[in-house]
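Coordinates as given in query-v5.cif (mmCIF, C-alpha atoms and all ligand atoms):
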```cif
data_structure
loop_
_atom_site.group_PDB
_atom_site.id
_atom_site.type_symbol
_atom_site.label_atom_id
_atom_site.label_comp_id
_atom_site.auth_asym_id
_atom_site.auth_seq_id
_atom_site.Cartn_x
_atom_site.Cartn_y
_atom_site.Cartn_z
ATOM 1 C CA MET P 214 122.086 120.381 52.187
ATOM 2 C CA VAL P 215 122.950 117.119 53.947
ATOM 3 C CA LEU P 216 125.800 114.942 52.692
ATOM 4 C CA ASN P 217 125.979 111.133 52.577
ATOM 5 C CA ARG P 218 128.787 111.087 55.088
ATOM 6 C CA GLY P 219 131.049 113.387 57.018
ATOM 7 C CA LEU P 220 134.117 114.936 55.474
ATOM 8 C CA PHE P 221 137.231 115.786 57.423
ATOM 9 C CA ILE P 222 139.430 118.522 55.986
ATOM 10 C CA THR P 223 142.538 119.986 57.566
ATOM 11 C CA PHE P 224 144.461 123.187 56.823
ATOM 12 C CA GLU P 225 148.206 123.216 57.314
ATOM 13 C CA GLY P 226 151.107 125.580 56.778
ATOM 14 C CA ILE P 227 153.927 127.368 58.565
ATOM 15 C CA ASP P 228 153.054 130.444 60.633
ATOM 16 C CA GLY P 229 152.368 133.346 58.278
ATOM 17 C CA SER P 230 151.218 131.122 55.389
ATOM 18 C CA GLY P 231 147.837 132.867 55.227
ATOM 19 C CA LYS P 232 145.766 129.740 55.903
ATOM 20 C CA THR P 233 143.533 131.455 58.447
ATOM 21 C CA LEU P 234 142.322 134.067 55.935
ATOM 22 C CA GLN P 235 141.565 131.268 53.449
ATOM 23 C CA LEU P 236 139.605 129.430 56.133
ATOM 24 C CA LYS P 237 137.493 132.523 56.716
ATOM 25 C CA LEU P 238 136.750 132.870 52.998
ATOM 26 C CA LEU P 239 135.808 129.205 52.691
ATOM 27 C CA THR P 240 133.534 129.106 55.730
ATOM 28 C CA ALA P 241 131.754 132.277 54.541
ATOM 29 C CA ASP P 242 130.955 130.443 51.286
ATOM 30 C CA LEU P 243 129.850 127.306 53.125
ATOM 31 C CA GLU P 244 127.394 129.384 55.076
ATOM 32 C CA LYS P 245 126.018 130.925 51.880
ATOM 33 C CA ALA P 246 125.606 127.417 50.426
ATOM 34 C CA ASP P 247 123.871 126.254 53.620
ATOM 35 C CA LEU P 248 126.336 123.388 54.106
ATOM 36 C CA LYS P 249 126.581 121.917 57.586
ATOM 37 C CA TYR P 250 130.135 122.414 58.824
ATOM 38 C CA LEU P 251 132.156 122.652 61.986
ATOM 39 C CA LEU P 252 135.294 124.769 62.238
ATOM 40 C CA LEU P 253 137.985 123.797 64.745
ATOM 41 C CA ARG P 254 141.451 125.008 65.520
ATOM 42 C CA GLU P 255 144.297 123.071 67.061
ATOM 43 C CA PRO P 256 145.360 122.931 69.770
ATOM 44 C CA GLY P 257 141.924 123.561 71.281
ATOM 45 C CA GLY P 258 138.258 122.931 70.562
ATOM 46 C CA THR P 259 137.194 121.336 73.857
ATOM 47 C CA SER P 260 137.434 122.669 77.393
ATOM 48 C CA ILE P 261 140.306 120.263 78.202
ATOM 49 C CA SER P 262 142.110 120.958 74.905
ATOM 50 C CA GLU P 263 141.801 124.733 75.394
ATOM 51 C CA GLN P 264 143.356 124.408 78.852
ATOM 52 C CA ILE P 265 146.232 122.450 77.304
ATOM 53 C CA ARG P 266 146.518 125.147 74.581
ATOM 54 C CA LYS P 267 147.121 127.794 77.242
ATOM 55 C CA ILE P 268 149.991 125.792 78.732
ATOM 56 C CA LEU P 269 151.498 125.107 75.294
ATOM 57 C CA LEU P 270 151.448 128.675 73.999
ATOM 58 C CA ASP P 271 152.263 130.528 77.225
ATOM 59 C CA ARG P 272 155.530 132.437 76.718
ATOM 60 C CA LYS P 273 156.318 131.964 80.406
ATOM 61 C CA ASN P 274 156.708 128.173 79.931
ATOM 62 C CA LYS P 275 160.267 128.457 78.668
ATOM 63 C CA GLU P 276 161.366 125.322 80.538
ATOM 64 C CA MET P 277 158.976 123.011 78.637
ATOM 65 C CA SER P 278 160.813 119.982 77.273
ATOM 66 C CA ALA P 279 160.291 118.787 73.713
ATOM 67 C CA GLU P 280 158.826 115.519 75.075
ATOM 68 C CA THR P 281 156.287 117.363 77.225
ATOM 69 C CA GLU P 282 155.332 119.575 74.298
ATOM 70 C CA LEU P 283 154.799 116.584 72.000
ATOM 71 C CA LEU P 284 152.646 114.732 74.541
ATOM 72 C CA LEU P 285 150.537 117.817 75.297
ATOM 73 C CA PHE P 286 149.746 118.400 71.610
ATOM 74 C CA ALA P 287 148.822 114.715 71.303
ATOM 75 C CA ALA P 288 146.691 114.852 74.467
ATOM 76 C CA ALA P 289 144.798 117.954 73.283
ATOM 77 C CA ARG P 290 144.097 116.196 69.964
ATOM 78 C CA ALA P 291 143.019 112.890 71.528
ATOM 79 C CA GLN P 292 140.342 114.726 73.490
ATOM 80 C CA LEU P 293 139.207 116.750 70.470
ATOM 81 C CA VAL P 294 138.871 113.686 68.246
ATOM 82 C CA LYS P 295 136.894 111.656 70.756
ATOM 83 C CA GLN P 296 134.668 114.431 72.051
ATOM 84 C CA ILE P 297 134.016 116.488 68.911
ATOM 85 C CA VAL P 298 135.424 115.219 65.600
ATOM 86 C CA GLU P 299 134.178 111.610 65.640
ATOM 87 C CA PRO P 300 130.598 112.484 66.679
ATOM 88 C CA ALA P 301 130.443 115.329 64.123
ATOM 89 C CA LEU P 302 131.611 113.060 61.280
ATOM 90 C CA ALA P 303 129.084 110.438 62.361
ATOM 91 C CA ALA P 304 126.410 113.172 62.063
ATOM 92 C CA LYS P 305 127.530 113.809 58.420
ATOM 93 C CA THR P 306 129.119 117.148 59.139
ATOM 94 C CA ILE P 307 131.989 118.705 57.206
ATOM 95 C CA VAL P 308 134.665 119.135 59.855
ATOM 96 C CA ILE P 309 137.405 121.637 59.039
ATOM 97 C CA SER P 310 140.365 121.921 61.333
ATOM 98 C CA ASP P 311 142.932 124.713 61.360
ATOM 99 C CA ARG P 312 145.926 122.374 61.902
ATOM 100 C CA PHE P 313 145.870 118.678 62.838
ATOM 101 C CA PHE P 314 148.439 115.901 63.243
ATOM 102 C CA ASP P 315 150.656 117.040 60.343
ATOM 103 C CA SER P 316 151.493 120.064 62.511
ATOM 104 C CA THR P 317 152.831 117.730 65.193
ATOM 105 C CA THR P 318 154.845 115.780 62.640
ATOM 106 C CA VAL P 319 156.478 118.930 61.269
ATOM 107 C CA TYR P 320 156.841 121.126 64.378
ATOM 108 C CA GLN P 321 157.738 118.479 66.965
ATOM 109 C CA GLY P 322 159.157 115.865 64.556
ATOM 110 C CA TYR P 323 161.014 117.715 61.803
ATOM 111 C CA GLY P 324 161.307 121.029 63.698
ATOM 112 C CA ARG P 325 162.357 119.885 67.170
ATOM 113 C CA GLY P 326 164.077 116.758 65.877
ATOM 114 C CA MET P 327 161.956 114.172 67.704
ATOM 115 C CA ASN P 328 161.845 110.761 66.012
ATOM 116 C CA VAL P 329 159.405 111.154 63.116
ATOM 117 C CA ASP P 330 158.339 107.479 63.099
ATOM 118 C CA PHE P 331 157.507 107.704 66.769
ATOM 119 C CA VAL P 332 155.565 110.930 66.171
ATOM 120 C CA HIS P 333 153.534 109.175 63.460
ATOM 121 C CA ARG P 334 152.743 106.335 65.859
ATOM 122 C CA LEU P 335 151.780 108.741 68.624
ATOM 123 C CA ASN P 336 149.569 110.713 66.214
ATOM 124 C CA ASN P 337 147.862 107.495 65.233
ATOM 125 C CA PHE P 338 147.319 106.520 68.845
ATOM 126 C CA ALA P 339 145.910 109.963 69.746
ATOM 127 C CA THR P 340 143.450 109.963 66.846
ATOM 128 C CA GLN P 341 142.702 106.220 67.123
ATOM 129 C CA GLY P 342 143.550 105.912 63.435
ATOM 130 C CA LEU P 343 141.401 108.809 62.216
ATOM 131 C CA GLN P 344 142.937 110.483 59.138
ATOM 132 C CA PRO P 345 141.769 113.617 57.350
ATOM 133 C CA ASP P 346 140.041 112.937 54.010
ATOM 134 C CA LEU P 347 141.837 115.929 52.569
ATOM 135 C CA THR P 348 144.569 118.286 53.724
ATOM 136 C CA PHE P 349 145.270 121.671 52.172
ATOM 137 C CA TYR P 350 148.876 122.608 52.709
ATOM 138 C CA PHE P 351 149.583 126.303 52.076
ATOM 139 C CA ASP P 352 153.136 126.424 50.833
ATOM 140 C CA ILE P 353 155.128 129.619 51.264
ATOM 141 C CA SER P 354 158.809 130.476 51.540
ATOM 142 C CA VAL P 355 160.118 131.313 54.990
ATOM 143 C CA GLU P 356 161.143 134.796 53.728
ATOM 144 C CA THR P 357 157.595 135.649 52.648
ATOM 145 C CA ALA P 358 156.160 134.198 55.854
ATOM 146 C CA LEU P 359 158.511 136.288 57.993
ATOM 147 C CA ASP P 360 157.608 139.413 56.021
ATOM 148 C CA ARG P 361 153.919 138.788 56.690
ATOM 149 C CA LEU P 362 154.488 138.025 60.369
ATOM 150 C CA LYS P 363 156.259 141.397 60.808
ATOM 151 C CA ASN P 364 152.984 143.141 59.977
ATOM 152 C CA ARG P 365 150.940 141.170 62.517
ATOM 153 C CA THR P 366 149.621 143.078 65.486
ATOM 154 C CA GLU P 367 149.072 140.159 67.912
ATOM 155 C CA LYS P 368 151.850 139.218 70.251
ATOM 156 C CA ALA P 369 153.917 136.191 69.196
ATOM 157 C CA ASP P 370 153.211 133.011 71.209
ATOM 158 C CA ARG P 371 155.877 130.622 72.558
ATOM 159 C CA ILE P 372 156.095 128.629 69.324
ATOM 160 C CA ASP P 373 155.984 131.751 67.077
ATOM 161 C CA LEU P 374 159.251 132.807 68.720
ATOM 162 C CA GLU P 375 161.155 129.978 67.050
ATOM 163 C CA SER P 376 164.052 130.737 64.709
ATOM 164 C CA GLN P 377 164.173 130.976 60.949
ATOM 165 C CA ILE P 378 166.027 127.633 60.823
ATOM 166 C CA PHE P 379 163.162 126.019 62.720
ATOM 167 C CA MET P 380 160.721 127.441 60.167
ATOM 168 C CA GLU P 381 162.800 126.070 57.299
ATOM 169 C CA LYS P 382 162.734 122.622 58.895
ATOM 170 C CA THR P 383 158.966 122.744 59.344
ATOM 171 C CA ARG P 384 158.446 123.781 55.725
ATOM 172 C CA LEU P 385 160.614 120.917 54.495
ATOM 173 C CA GLY P 386 158.648 118.595 56.776
ATOM 174 C CA TYR P 387 155.380 119.667 55.138
ATOM 175 C CA LEU P 388 156.813 119.111 51.669
ATOM 176 C CA GLN P 389 157.940 115.637 52.734
ATOM 177 C CA ILE P 390 154.462 114.787 54.087
ATOM 178 C CA ALA P 391 152.886 116.037 50.842
ATOM 179 C CA GLU P 392 155.191 113.813 48.838
ATOM 180 C CA GLU P 393 154.428 110.799 51.010
ATOM 181 C CA ASN P 394 150.635 111.347 50.923
ATOM 182 C CA PRO P 395 149.780 112.499 47.393
ATOM 183 C CA ASN P 396 146.134 111.403 47.645
ATOM 184 C CA ARG P 397 145.413 113.212 50.875
ATOM 185 C CA VAL P 398 147.555 116.354 50.715
ATOM 186 C CA ARG P 399 147.004 119.135 48.162
ATOM 187 C CA ILE P 400 149.751 121.723 47.930
ATOM 188 C CA ILE P 401 148.384 125.240 47.479
ATOM 189 C CA ASP P 402 150.885 127.830 46.281
ATOM 190 C CA ALA P 403 150.413 130.495 48.957
ATOM 191 C CA GLU P 404 152.866 133.020 47.505
ATOM 192 C CA ARG P 405 150.052 134.374 45.302
ATOM 193 C CA ALA P 406 147.463 137.066 46.001
ATOM 194 C CA PRO P 407 144.734 135.919 48.457
ATOM 195 C CA GLU P 408 141.965 135.994 45.784
ATOM 196 C CA GLU P 409 143.958 133.754 43.482
ATOM 197 C CA ILE P 410 144.751 131.309 46.270
ATOM 198 C CA TYR P 411 141.093 131.196 47.183
ATOM 199 C CA LYS P 412 139.969 130.411 43.632
ATOM 200 C CA ASP P 413 142.294 127.418 43.646
ATOM 201 C CA LEU P 414 141.195 126.288 47.118
ATOM 202 C CA LYS P 415 137.494 126.590 46.339
ATOM 203 C CA LEU P 416 137.765 124.547 43.173
ATOM 204 C CA GLN P 417 139.637 121.765 44.942
ATOM 205 C CA PHE P 418 137.218 121.850 47.850
ATOM 206 C CA GLU P 419 134.189 121.565 45.548
ATOM 207 C CA GLN P 420 135.749 118.629 43.740
ATOM 208 C CA ALA P 421 136.261 116.869 47.075
ATOM 209 C CA VAL P 422 132.668 117.468 48.168
ATOM 210 C CA ASN P 423 131.327 116.224 44.823
ATOM 211 C CA LEU P 424 133.459 113.104 45.010
ATOM 212 C CA MET P 425 132.102 112.429 48.458
ATOM 213 C CA LYS P 426 128.499 112.774 47.304
ATOM 214 C CA CYS P 427 129.131 110.028 44.727
ATOM 215 C CA ARG P 428 130.638 107.583 47.218
HETATM 216 P P1 LIG D 1 148.144 129.413 66.698
HETATM 217 O O1 LIG D 1 148.090 130.741 67.348
HETATM 218 O O2 LIG D 1 146.878 128.616 66.626
HETATM 219 O O3 LIG D 1 148.877 129.571 65.315
HETATM 220 P P2 LIG D 1 148.461 129.474 63.798
HETATM 221 O O4 LIG D 1 147.514 130.598 63.539
HETATM 222 O O5 LIG D 1 149.778 129.615 63.104
HETATM 223 O O6 LIG D 1 147.840 128.115 63.573
HETATM 224 O O7 LIG D 1 149.262 128.596 67.455
HETATM 225 C C1 LIG D 1 149.525 127.295 67.246
HETATM 226 C C2 LIG D 1 151.028 127.113 67.283
HETATM 227 O O8 LIG D 1 151.317 125.793 67.726
HETATM 228 C C3 LIG D 1 151.650 127.248 65.900
HETATM 229 O O9 LIG D 1 152.882 127.929 65.997
HETATM 230 C C4 LIG D 1 151.920 125.828 65.481
HETATM 231 C C5 LIG D 1 152.122 125.114 66.777
HETATM 232 N N1 LIG D 1 151.716 123.700 66.770
HETATM 233 C C6 LIG D 1 152.671 122.713 67.016
HETATM 234 O O10 LIG D 1 153.851 123.017 67.251
HETATM 235 N N2 LIG D 1 152.283 121.400 67.028
HETATM 236 C C7 LIG D 1 150.990 121.025 66.805
HETATM 237 O O11 LIG D 1 150.664 119.812 66.828
HETATM 238 C C8 LIG D 1 150.007 122.057 66.559
HETATM 239 C C9 LIG D 1 148.571 121.705 66.325
HETATM 240 C C10 LIG D 1 150.430 123.378 66.553
#
```
Would you put the structure from the file into structure tokens?
Ligand code: TYD
Amino acid sequence: MVLNRGLFITFEGIDGSGKTLQLKLLTADLEKADLKYLLLREPGGTSISEQIRKILLDRKNKEMSAETELLLFAAARAQLVKQIVEPALAAKTIVISDRFFDSTTVYQGYGRGMNVDFVHRLNNFATQGLQPDLTFYFDISVETALDRLKNRTEKADRIDLESQIFMEKTRLGYLQIAEENPNRVRIIDAERAPEEIYKDLKLQFEQAVNLMKCR
């Protein structure tokens, strides 16, 4: 099936919110429905952005300043938008990104305490004004997230090693963004069982696709 126009959807949430499992469930259904989609994850998605990702997540880079971190996330995204996202949307593809600029606002802005207005302006510059059509924010308490992270087998990256207080700040940042952008951001209660969360997500996703077909 080909749509009238592209659709840009982003998934957001603190580490351990379960968004990646939900992404897998959704993309499996998109494949069954023969919908043209592109799945991306941030930081990354182009050769340049993946190289920046390595620098950002490397546990050895303990000396990285908050300013450097912010600019590297923005640089990785600028390249991704220009090289991949814009052309895919122009080709009427559904682009789904595991994290996008809201992550920068909450992790570097609210989390690290960088000026949030400046972060918004930088985000806008990096994406040249591109905004997601829809953002699913998977909301979970820090306690539940930490419980889930304990059971993970992969090694924690540099940003995963942040404190509980940092996680609380990022969660509050997401809730603030959701409040400020009620048309774009849908809050999904991620404390529930994965099947229940998915039912909710799928319904909201289908509504968004149908709306787009009517535009
Ligand atoms: P990743 O392994 O992709 O984590 P996740 O599965 O939680 O998405 O690592 C990305 C990490 O980088 C994650 O801890 C969130 C953080 N991050 C930022 O701090 N700022 C950003 O702009 C982005 C995109 C991610």
Would you work out the distance separating CA of Tyr323 (chain P) from CA of Asp402 (chain P), expressed in Å to one decimal?
->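 Straight-line distance from CA of Tyr323 (chain P) to CA of Asp402 (chain P) works out to 21.1 Å.
Once the PyMOL selection byres (((not hetatm)) within 7 of (chain D and resi 1)) is applied to the shown structure, the selection contains Ile227, Asp228, Gly229, Thr233, Arg254, Glu255, Pro256, Leu270, Phe286, Asp311, Arg312, Phe313, Phe314, Ser316, Thr317, Tyr320, Gln321, Asp370, Ile372 and Asp373 of chain P.
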Nearest to Leu284 (chain P), restricted to only C-alpha atoms and choosing among P:Leu220, P:Ala304, P:Ala391, P:Val332, comes out as P:Val332
Step by step, work through what the PyMOL selection byres (((chain P and resi 288) around 10) and not hetatm) selects in the shown file, and finish by giving those residues as a list in words.
->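 This file gives the following for the PyMOL selection byres (((chain P and resi 288) around 10) and not hetatm): Pro256, Ile261, Ser262, Ile265, Glu282, Leu283, Leu284, Leu285, Phe286, Ala287, Ala289, Arg290, Ala291, Gln292, Leu293, Leu335, Asn336, Ala339 and Thr340 of chain P.
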Give me a file of those residues, with C-alpha atoms, as a PDB file, in the frame of the given file.
```
ATOM      1  CA  PRO P 256     145.360 122.931  69.770  1.00  0.00           C
ATOM      2  CA  ILE P 261     140.306 120.263  78.202  1.00  0.00           C
ATOM      3  CA  SER P 262     142.110 120.958  74.905  1.00  0.00           C
ATOM      4  CA  ILE P 265     146.232 122.450  77.304  1.00  0.00           C
ATOM      5  CA  GLU P 282     155.332 119.575  74.298  1.00  0.00           C
ATOM      6  CA  LEU P 283     154.799 116.584  72.000  1.00  0.00           C
ATOM      7  CA  LEU P 284     152.646 114.732  74.541  1.00  0.00           C
ATOM      8  CA  LEU P 285     150.537 117.817  75.297  1.00  0.00           C
ATOM      9  CA  PHE P 286     149.746 118.400  71.610  1.00  0.00           C
ATOM     10  CA  ALA P 287     148.822 114.715  71.303  1.00  0.00           C
ATOM     11  CA  ALA P 289     144.798 117.954  73.283  1.00  0.00           C
ATOM     12  CA  ARG P 290     144.097 116.196  69.964  1.00  0.00           C
ATOM     13  CA  ALA P 291     143.019 112.890  71.528  1.00  0.00           C
ATOM     14  CA  GLN P 292     140.342 114.726  73.490  1.00  0.00           C
ATOM     15  CA  LEU P 293     139.207 116.750  70.470  1.00  0.00           C
ATOM     16  CA  LEU P 335     151.780 108.741  68.624  1.00  0.00           C
ATOM     17  CA  ASN P 336     149.569 110.713  66.214  1.00  0.00           C
ATOM     18  CA  ALA P 339     145.910 109.963  69.746  1.00  0.00           C
ATOM     19  CA  THR P 340     143.450 109.963  66.846  1.00  0.00           C
TER      20      THR P 340
END
```
Of P:Leu359, P:Phe379, P:Phe349, P:Glu419, the one sitting nearest Asn396 (chain P) when using all atoms listed in the file is P:Phe349
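The spacing separating CA of Thr259 (chain P) from CA of Val298 (chain P) amounts to 10.4 Å.
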What does the PyMOL selection byres (((chain P and resi 347) around 6) and not hetatm) select in this file, as number ranges by chain?
-> P: 222, 345-346, 348, 397
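When only C-alpha atoms are used to compute distances to Glu375 (chain P), the closest of the residues P:Arg218, P:Ala301, P:Gly231, P:Gly324 turns out to be P:Gly324.
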Shell around Tyr411 (chain P) at 8 Å using all atoms listed in the file, local window under 3 positions removed, as a PyMOL selection string = chain P and resi 235+238-239+407-408+414-415
For CA of Asp413 (chain P) and CA of Asp247 (chain P), quote the distance in Å rounded to one decimal.
-> 21.0 Å
